[in-house]
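A.B. asks: For reference, the file target24.pdb (PDB, C-alpha atoms) is included below:
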ATOM      1  CA  MET A 120     -23.798  26.710   5.737
ATOM      2  CA  SER A 121     -21.062  26.977   8.361
ATOM      3  CA  ASP A 122     -18.020  24.656   8.417
ATOM      4  CA  GLY A 123     -19.223  23.243  11.720
ATOM      5  CA  VAL A 124     -22.605  22.276  10.277
ATOM      6  CA  ARG A 125     -20.981  20.810   7.211
ATOM      7  CA  SER A 126     -18.598  18.725   9.314
ATOM      8  CA  SER A 127     -21.447  17.477  11.489
ATOM      9  CA  SER A 128     -23.438  16.480   8.409
ATOM     10  CA  SER A 129     -20.476  14.557   6.999
ATOM     11  CA  GLU A 130     -19.998  12.677  10.245
ATOM     12  CA  GLY A 131     -23.684  11.809  10.294
ATOM     13  CA  ARG A 132     -23.598  10.335   6.809
ATOM     14  CA  ARG A 133     -20.491   8.381   7.652
ATOM     15  CA  ALA A 134     -22.000   7.071  10.855
ATOM     16  CA  ALA A 135     -24.979   5.802   8.881
ATOM     17  CA  ALA A 136     -22.715   4.046   6.407
ATOM     18  CA  MET A 137     -20.789   2.380   9.223
ATOM     19  CA  ARG A 138     -23.773   1.484  11.392
ATOM     20  CA  LEU A 139     -22.519  -2.088  11.761
ATOM     21  CA  LEU A 140     -19.570  -1.063  13.937
ATOM     22  CA  ARG A 141     -19.179  -3.074  17.106
ATOM     23  CA  PRO A 142     -19.094  -1.162  20.449
ATOM     24  CA  GLU A 143     -15.361  -1.720  20.916
ATOM     25  CA  GLN A 144     -14.722  -0.288  17.432
ATOM     26  CA  ILE A 145     -16.841   2.780  18.161
ATOM     27  CA  ALA A 146     -14.824   3.428  21.308
ATOM     28  CA  ARG A 147     -11.608   3.832  19.353
ATOM     29  CA  ARG A 148     -12.959   5.814  16.386
ATOM     30  CA  GLY A 149     -10.774   8.766  15.523
ATOM     31  CA  ALA A 150      -7.757   7.284  17.303
ATOM     32  CA  ARG A 151      -6.342   5.561  14.212
ATOM     33  CA  GLU A 152      -6.209   6.071  10.495
ATOM     34  CA  GLU A 153      -9.431   5.109   8.704
ATOM     35  CA  PHE A 154      -9.710   3.732   5.169
ATOM     36  CA  ILE A 155     -12.233   3.537   2.368
ATOM     37  CA  VAL A 156     -11.541   0.736  -0.118
ATOM     38  CA  ILE A 157     -13.300   1.032  -3.475
ATOM     39  CA  GLY A 158     -13.535  -2.138  -5.567
ATOM     40  CA  LEU A 159     -13.849  -5.583  -3.992
ATOM     41  CA  GLY A 160     -12.107  -7.779  -6.506
ATOM     42  CA  ARG A 161      -9.372 -10.126  -5.323
ATOM     43  CA  PHE A 162      -6.914  -7.321  -4.640
ATOM     44  CA  GLY A 163      -9.317  -4.885  -2.973
ATOM     45  CA  THR A 164     -10.828  -7.639  -0.845
ATOM     46  CA  SER A 165      -7.386  -8.799   0.268
ATOM     47  CA  VAL A 166      -6.360  -5.266   1.280
ATOM     48  CA  ALA A 167      -9.634  -4.563   3.112
ATOM     49  CA  LYS A 168      -9.638  -7.870   5.019
ATOM     50  CA  SER A 169      -5.999  -7.516   6.013
ATOM     51  CA  LEU A 170      -6.485  -3.953   7.297
ATOM     52  CA  VAL A 171      -9.474  -5.052   9.373
ATOM     53  CA  MET A 172      -8.524  -8.535  10.546
ATOM     54  CA  ASP A 173      -4.738  -8.341  10.791
ATOM     55  CA  PHE A 174      -4.261  -4.727  11.880
ATOM     56  CA  GLY A 175      -7.588  -3.741  13.448
ATOM     57  CA  TYR A 176      -8.262  -0.661  11.331
ATOM     58  CA  GLU A 177     -11.681   0.774  10.580
ATOM     59  CA  VAL A 178     -12.463   0.206   6.889
ATOM     60  CA  LEU A 179     -15.468   1.028   4.733
ATOM     61  CA  ALA A 180     -15.489  -1.378   1.775
ATOM     62  CA  VAL A 181     -17.351  -0.233  -1.341
ATOM     63  CA  ASP A 182     -18.415  -1.972  -4.548
ATOM     64  CA  ALA A 183     -21.107  -1.412  -7.175
ATOM     65  CA  ASP A 184     -21.926  -5.113  -7.493
ATOM     66  CA  LYS A 185     -24.821  -6.135  -5.211
ATOM     67  CA  ASP A 186     -23.955  -9.839  -5.100
ATOM     68  CA  ARG A 187     -20.325  -9.126  -4.275
ATOM     69  CA  VAL A 188     -21.321  -6.749  -1.479
ATOM     70  CA  GLN A 189     -23.728  -9.304  -0.008
ATOM     71  CA  HIS A 190     -21.011 -11.951  -0.093
ATOM     72  CA  MET A 191     -18.388  -9.693   1.499
ATOM     73  CA  SER A 192     -20.798  -8.553   4.223
ATOM     74  CA  LEU A 193     -20.271 -11.995   5.765
ATOM     75  CA  GLU A 194     -16.525 -11.309   6.083
ATOM     76  CA  LEU A 195     -16.204  -7.552   6.584
ATOM     77  CA  PRO A 196     -18.074  -5.451   9.172
ATOM     78  CA  ASN A 197     -18.698  -2.385   6.960
ATOM     79  CA  VAL A 198     -19.614  -2.982   3.319
ATOM     80  CA  VAL A 199     -21.692  -0.627   1.175
ATOM     81  CA  GLN A 200     -23.058  -0.989  -2.350
ATOM     82  CA  LEU A 201     -22.624   2.220  -4.335
ATOM     83  CA  ASP A 202     -21.261   3.605  -7.579
ATOM     84  CA  ALA A 203     -17.949   5.241  -6.667
ATOM     85  CA  THR A 204     -18.063   7.341  -9.861
ATOM     86  CA  ASN A 205     -21.201   9.066  -8.542
ATOM     87  CA  GLU A 206     -20.345  12.207  -6.573
ATOM     88  CA  ASP A 207     -23.621  12.222  -4.653
ATOM     89  CA  ALA A 208     -23.214   8.578  -3.633
ATOM     90  CA  LEU A 209     -19.749   9.259  -2.214
ATOM     91  CA  ARG A 210     -21.026  12.334  -0.429
ATOM     92  CA  GLN A 211     -23.731  10.227   1.249
ATOM     93  CA  VAL A 212     -21.089   8.053   2.971
ATOM     94  CA  GLY A 213     -19.015  11.065   4.055
ATOM     95  CA  VAL A 214     -16.013  10.106   1.947
ATOM     96  CA  GLU A 215     -14.306  13.425   2.724
ATOM     97  CA  THR A 216     -13.761  12.370   6.347
ATOM     98  CA  PHE A 217     -11.575   9.342   5.563
ATOM     99  CA  ASP A 218      -7.803   9.522   5.947
ATOM    100  CA  THR A 219      -6.913   7.209   3.057
ATOM    101  CA  GLY A 220      -8.812   6.098  -0.027
ATOM    102  CA  LEU A 221      -7.765   3.051  -2.021
ATOM    103  CA  VAL A 222      -9.174   2.712  -5.531
ATOM    104  CA  CYS A 223      -8.874  -0.967  -6.455
ATOM    105  CA  ILE A 224     -11.041  -1.044  -9.596
ATOM    106  CA  GLY A 225      -9.150  -3.149 -12.112
ATOM    107  CA  SER A 226     -11.533  -4.047 -14.921
ATOM    108  CA  ASN A 227     -12.834  -0.560 -15.771
ATOM    109  CA  PHE A 228     -10.064   2.013 -16.054
ATOM    110  CA  GLU A 229     -12.480   4.880 -16.724
ATOM    111  CA  ALA A 230     -14.253   4.128 -13.448
ATOM    112  CA  ASN A 231     -10.861   3.877 -11.747
ATOM    113  CA  VAL A 232      -9.910   7.364 -12.967
ATOM    114  CA  LEU A 233     -13.276   8.915 -12.066
ATOM    115  CA  ALA A 234     -13.256   7.432  -8.554
ATOM    116  CA  THR A 235      -9.692   8.658  -8.024
ATOM    117  CA  VAL A 236     -10.585  12.172  -9.194
ATOM    118  CA  LEU A 237     -13.603  12.296  -6.892
ATOM    119  CA  LEU A 238     -11.633  11.191  -3.832
ATOM    120  CA  LEU A 239      -9.112  13.927  -4.563
ATOM    121  CA  ARG A 240     -11.893  16.456  -5.100
ATOM    122  CA  PHE A 241     -13.448  15.554  -1.759
ATOM    123  CA  GLY A 242     -10.099  16.191  -0.068
ATOM    124  CA  VAL A 243      -9.187  12.673   1.017
ATOM    125  CA  LYS A 244      -5.711  13.076   2.530
ATOM    126  CA  ARG A 245      -4.054  10.158   0.729
ATOM    127  CA  VAL A 246      -5.365   8.510  -2.434
ATOM    128  CA  ILE A 247      -3.793   5.252  -3.601
ATOM    129  CA  ALA A 248      -4.894   3.775  -6.920
ATOM    130  CA  LYS A 249      -4.371   0.419  -8.583
ATOM    131  CA  ALA A 250      -3.131   0.254 -12.179
ATOM    132  CA  LEU A 251      -2.746  -2.630 -14.590
ATOM    133  CA  THR A 252      -0.130  -1.080 -16.887
ATOM    134  CA  ALA A 253       2.645   1.501 -16.749
ATOM    135  CA  THR A 254       0.547   3.793 -18.965
ATOM    136  CA  GLN A 255      -2.368   3.629 -16.522
ATOM    137  CA  ARG A 256       0.053   4.361 -13.694
ATOM    138  CA  GLU A 257       1.327   7.467 -15.472
ATOM    139  CA  ILE A 258      -2.220   8.727 -16.083
ATOM    140  CA  LEU A 259      -3.269   8.196 -12.473
ATOM    141  CA  LEU A 260      -0.179  10.004 -11.203
ATOM    142  CA  ARG A 261      -0.821  12.909 -13.573
ATOM    143  CA  ILE A 262      -4.372  13.404 -12.315
ATOM    144  CA  GLY A 263      -3.044  13.649  -8.768
ATOM    145  CA  ALA A 264      -3.057  10.184  -7.159
ATOM    146  CA  HIS A 265      -0.553  10.219  -4.311
ATOM    147  CA  GLU A 266       0.556   6.668  -5.020
ATOM    148  CA  VAL A 267      -0.123   4.118  -7.763
ATOM    149  CA  ILE A 268       0.600   0.415  -7.478
ATOM    150  CA  LEU A 269       0.817  -2.288 -10.119
ATOM    151  CA  PRO A 270       0.251  -5.464  -8.061
ATOM    152  CA  GLU A 271       0.336  -7.922 -10.962
ATOM    153  CA  HIS A 272       3.519  -6.363 -12.352
ATOM    154  CA  GLU A 273       5.233  -6.349  -8.951
ATOM    155  CA  ALA A 274       4.192  -9.940  -8.237
ATOM    156  CA  GLY A 275       5.561 -10.957 -11.631
ATOM    157  CA  LEU A 276       8.905  -9.286 -10.907
ATOM    158  CA  ARG A 277       9.201 -11.073  -7.575
ATOM    159  CA  LEU A 278       8.388 -14.443  -9.117
ATOM    160  CA  ALA A 279      10.849 -13.899 -11.980
ATOM    161  CA  ARG A 280      13.627 -13.061  -9.517
ATOM    162  CA  ARG A 281      12.943 -16.200  -7.497
ATOM    163  CA  LEU A 282      12.920 -18.353 -10.630
ATOM    164  CA  ALA A 283      16.171 -16.749 -11.790
ATOM    165  CA  HIS A 284      17.730 -17.476  -8.367
ATOM    166  CA  SER A 285      18.463 -13.783  -7.903
ATOM    167  CA  HIS A 286      19.966 -12.718  -4.590
ATOM    168  CA  VAL A 287      17.248 -10.024  -4.371
ATOM    169  CA  VAL A 288      14.571 -11.460  -2.070
ATOM    170  CA  ASP A 289      12.079  -8.588  -1.929
ATOM    171  CA  PHE A 290      11.787  -4.861  -2.533
ATOM    172  CA  LEU A 291       9.568  -1.890  -1.784
ATOM    173  CA  GLU A 292       9.419   1.002  -4.249
ATOM    174  CA  VAL A 293       9.642   4.357  -2.476
ATOM    175  CA  SER A 294       9.967   6.284  -5.746
ATOM    176  CA  PRO A 295      10.978   5.338  -9.316
ATOM    177  CA  GLU A 296      14.638   5.846  -8.342
ATOM    178  CA  VAL A 297      14.639   4.686  -4.716
ATOM    179  CA  ASN A 298      13.792   1.253  -3.326
ATOM    180  CA  ILE A 299      14.178  -0.574  -0.046
ATOM    181  CA  VAL A 300      15.665  -3.904  -1.093
ATOM    182  CA  GLU A 301      16.237  -7.147   0.788
ATOM    183  CA  ALA A 302      19.128  -9.073  -0.762
ATOM    184  CA  MET A 303      21.185 -12.080   0.296
ATOM    185  CA  ALA A 304      24.832 -11.199   0.815
ATOM    186  CA  PRO A 305      26.769 -12.710  -2.121
ATOM    187  CA  PRO A 306      29.632 -15.121  -1.341
ATOM    188  CA  GLY A 307      32.256 -12.562  -2.393
ATOM    189  CA  MET A 308      31.303 -10.416   0.611
ATOM    190  CA  TRP A 309      31.402 -13.117   3.283
ATOM    191  CA  GLY A 310      34.077 -12.412   5.889
ATOM    192  CA  ARG A 311      34.476  -8.784   4.798
ATOM    193  CA  THR A 312      33.381  -5.661   6.648
ATOM    194  CA  LEU A 313      30.775  -3.238   5.338
ATOM    195  CA  LYS A 314      33.539  -0.672   4.922
ATOM    196  CA  ASP A 315      35.624  -3.094   2.849
ATOM    197  CA  CYS A 316      32.639  -3.798   0.566
ATOM    198  CA  ASN A 317      32.328  -0.059  -0.141
ATOM    199  CA  PHE A 318      28.565  -0.129  -0.694
ATOM    200  CA  ARG A 319      28.068   3.613  -1.131
ATOM    201  CA  GLN A 320      30.901   4.385  -3.533
ATOM    202  CA  LYS A 321      30.905   1.144  -5.524
ATOM    203  CA  TYR A 322      27.200   0.313  -5.617
ATOM    204  CA  ARG A 323      25.449   3.578  -4.591
ATOM    205  CA  LEU A 324      23.655   1.631  -1.847
ATOM    206  CA  THR A 325      23.224   2.139   1.894
ATOM    207  CA  VAL A 326      22.928  -0.798   4.290
ATOM    208  CA  ILE A 327      20.294   0.099   6.896
ATOM    209  CA  ALA A 328      19.893  -3.308   8.554
ATOM    210  CA  ILE A 329      21.101  -6.907   8.452
ATOM    211  CA  HIS A 330      18.985  -9.971   9.231
ATOM    212  CA  HIS A 331      20.721 -13.184  10.283
ATOM    213  CA  GLY A 332      18.399 -15.977  11.332
ATOM    214  CA  ASP A 333      16.157 -14.561  14.063
ATOM    215  CA  ASP A 334      18.486 -11.645  14.789
ATOM    216  CA  THR A 335      18.245  -8.171  13.243
ATOM    217  CA  LEU A 336      20.956  -5.520  13.440
ATOM    218  CA  VAL A 337      19.773  -1.986  12.651
ATOM    219  CA  THR A 338      22.253   0.617  11.290
ATOM    220  CA  PRO A 339      25.259  -1.735  11.443
ATOM    221  CA  ALA A 340      28.687  -0.194  12.051
ATOM    222  CA  PRO A 341      31.226   0.077   9.202
ATOM    223  CA  ASP A 342      33.402  -2.606  10.832
ATOM    224  CA  HIS A 343      30.545  -5.142  10.978
ATOM    225  CA  ILE A 344      31.595  -8.378   9.273
ATOM    226  CA  ILE A 345      29.207  -9.883   6.718
ATOM    227  CA  ARG A 346      28.486 -13.582   7.204
ATOM    228  CA  GLU A 347      27.102 -16.360   5.062
ATOM    229  CA  GLY A 348      23.302 -16.270   5.294
ATOM    230  CA  ASP A 349      23.089 -12.528   5.982
ATOM    231  CA  LEU A 350      20.076 -10.772   4.496
ATOM    232  CA  LEU A 351      21.004  -7.165   3.723
ATOM    233  CA  VAL A 352      18.387  -4.420   3.848
ATOM    234  CA  LEU A 353      19.503  -1.768   1.369
ATOM    235  CA  VAL A 354      18.346   1.665   0.223
ATOM    236  CA  GLY A 355      19.017   2.569  -3.393
ATOM    237  CA  SER A 356      17.906   1.641  -6.871
ATOM    238  CA  LEU A 357      16.815  -1.906  -7.685
ATOM    239  CA  ALA A 358      19.249  -1.975 -10.603
ATOM    240  CA  ASP A 359      22.169  -1.146  -8.311
ATOM    241  CA  ALA A 360      21.080  -3.839  -5.853
ATOM    242  CA  GLU A 361      21.075  -6.360  -8.691
ATOM    243  CA  ARG A 362      24.721  -5.465  -9.398
ATOM    244  CA  LEU A 363      25.798  -6.890  -6.054
ATOM    245  CA  GLU A 364      25.751 -10.358  -7.602
TER     246      GLU A 364
END
Give the structure from the file, written as structure tokens.
C.D. replies:
Amino acid sequence: MSDGVRSSSSEGRRAAAMRLLRPEQIARRGAREEFIVIGLGRFGTSVAKSLVMDFGYEVLAVDADKDRVQHMSLELPNVVQLDATNEDALRQVGVETFDTGLVCIGSNFEANVLATVLLLRFGVKRVIAKALTATQREILLRIGAHEVILPEHEAGLRLARRLAHSHVVDFLEVSPEVNIVEAMAPPGMWGRTLKDCNFRQKYRLTVIAIHHGDDTLVTPAPDHIIREGDLLVLVGSLADAERLE
């Protein structure tokens, strides 16, 4: 079978799976990244609904539970019941044509691993998997997942920091060693310039932006003076950001 025939067949299967697309959605197919979300628990449902309703992306939502699929069909335009650990079932929806696959199966780690492996085998460009523990995260990374998230763990860290009155407001992990961190400027830095605070040498951090009220300053100059109420956007390790206090 030629590559052209194979590609046409994949598109046909995918079109059948997404037959509920509205005309305006069909018109912009191929123009933006498209997602397949596997597992419609609280986390998977939240991701799928946000991608569709808040950002206007095309999403195929998948779950093995018939009742859950029927319920979500009232809220999402493209929902399919299938076993994501079944290679033939994934082939029928043309999974290989999606840009990003999110595996959000939380209760069955074996199914999580199998679905992740199959997405990778089908050549999905970016595969993001959900893990419940650090050990699960390590396993998923070792089998090739491009990114693994631990939503419960990250939510717990954020809550703990708020309860501890930490100056760290939020963070995004880029890699185990690098984070983008939002932190309130501590009182000891008020009235001092960025150069005086010596972020790079003293803290191994880089200030990439500063929020103050409704204003945002991107790539502030070294002579910029830090004020009370400034929210610093930093690049570096979370541990180093914590040392600012």
A.B. asks: Please enumerate the residues selected by the PyMOL selection byres ((chain A and resi 338) around 8) when evaluated against the supplied file, formatted as a short mmCIF file (atom, residue, chain, number, x, y, z; two decimals) with C-alpha atoms, in the coordinates of the input.
C.D. replies:
data_model
loop_
_atom_site.label_atom_id
_atom_site.label_comp_id
_atom_site.auth_asym_id
_atom_site.auth_seq_id
_atom_site.Cartn_x
_atom_site.Cartn_y
_atom_site.Cartn_z
CA VAL A 326 22.93 -0.80 4.29
CA ILE A 327 20.29 0.10 6.90
CA ALA A 328 19.89 -3.31 8.55
CA LEU A 336 20.96 -5.52 13.44
CA VAL A 337 19.77 -1.99 12.65
CA PRO A 339 25.26 -1.74 11.44
CA ALA A 340 28.69 -0.19 12.05
#
A.B. asks: Applying the PyMOL selection byres ((chain A and resi 197) around 6) to the file I just gave you, which residues come out? Please list them as a CSV table (one decimal) with C-alpha atoms, keeping the file's coordinate frame.
C.D. replies:
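part25.csv was written with the following content:
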chain,number,residue,atom,x,y,z
A,137,MET,CA,-20.8,2.4,9.2
A,179,LEU,CA,-15.5,1.0,4.7
A,195,LEU,CA,-16.2,-7.6,6.6
A,196,PRO,CA,-18.1,-5.5,9.2
A,198,VAL,CA,-19.6,-3.0,3.3
A.B. asks: Counting all atoms listed in the file, what is within 12 Å of Thr254 (chain A), bar same-chain residues fewer than 5 positions away, as a list in words?
C.D. replies: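 So the residues in contact are Phe228, Lys249, Leu259, Leu260, Arg261, Val267, Ile268 and Leu269 of chain A.
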A.B. asks: I need the residue nearest Ala230 (chain A) from this list: A:Val287, A:Ala203, A:Leu350, A:Met308. Use all atoms listed in the file for the distance.
C.D. replies: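 Under the stated criterion, the closest residue is A:Ala203.
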A.B. asks: Rounded to one decimal in Å, what is the spacing between CA of Lys314 (chain A) and CA of Asp333 (chain A)?
C.D. replies: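 One can read the CA of Lys314 (chain A) to CA of Asp333 (chain A) distance as 24.1 Å.
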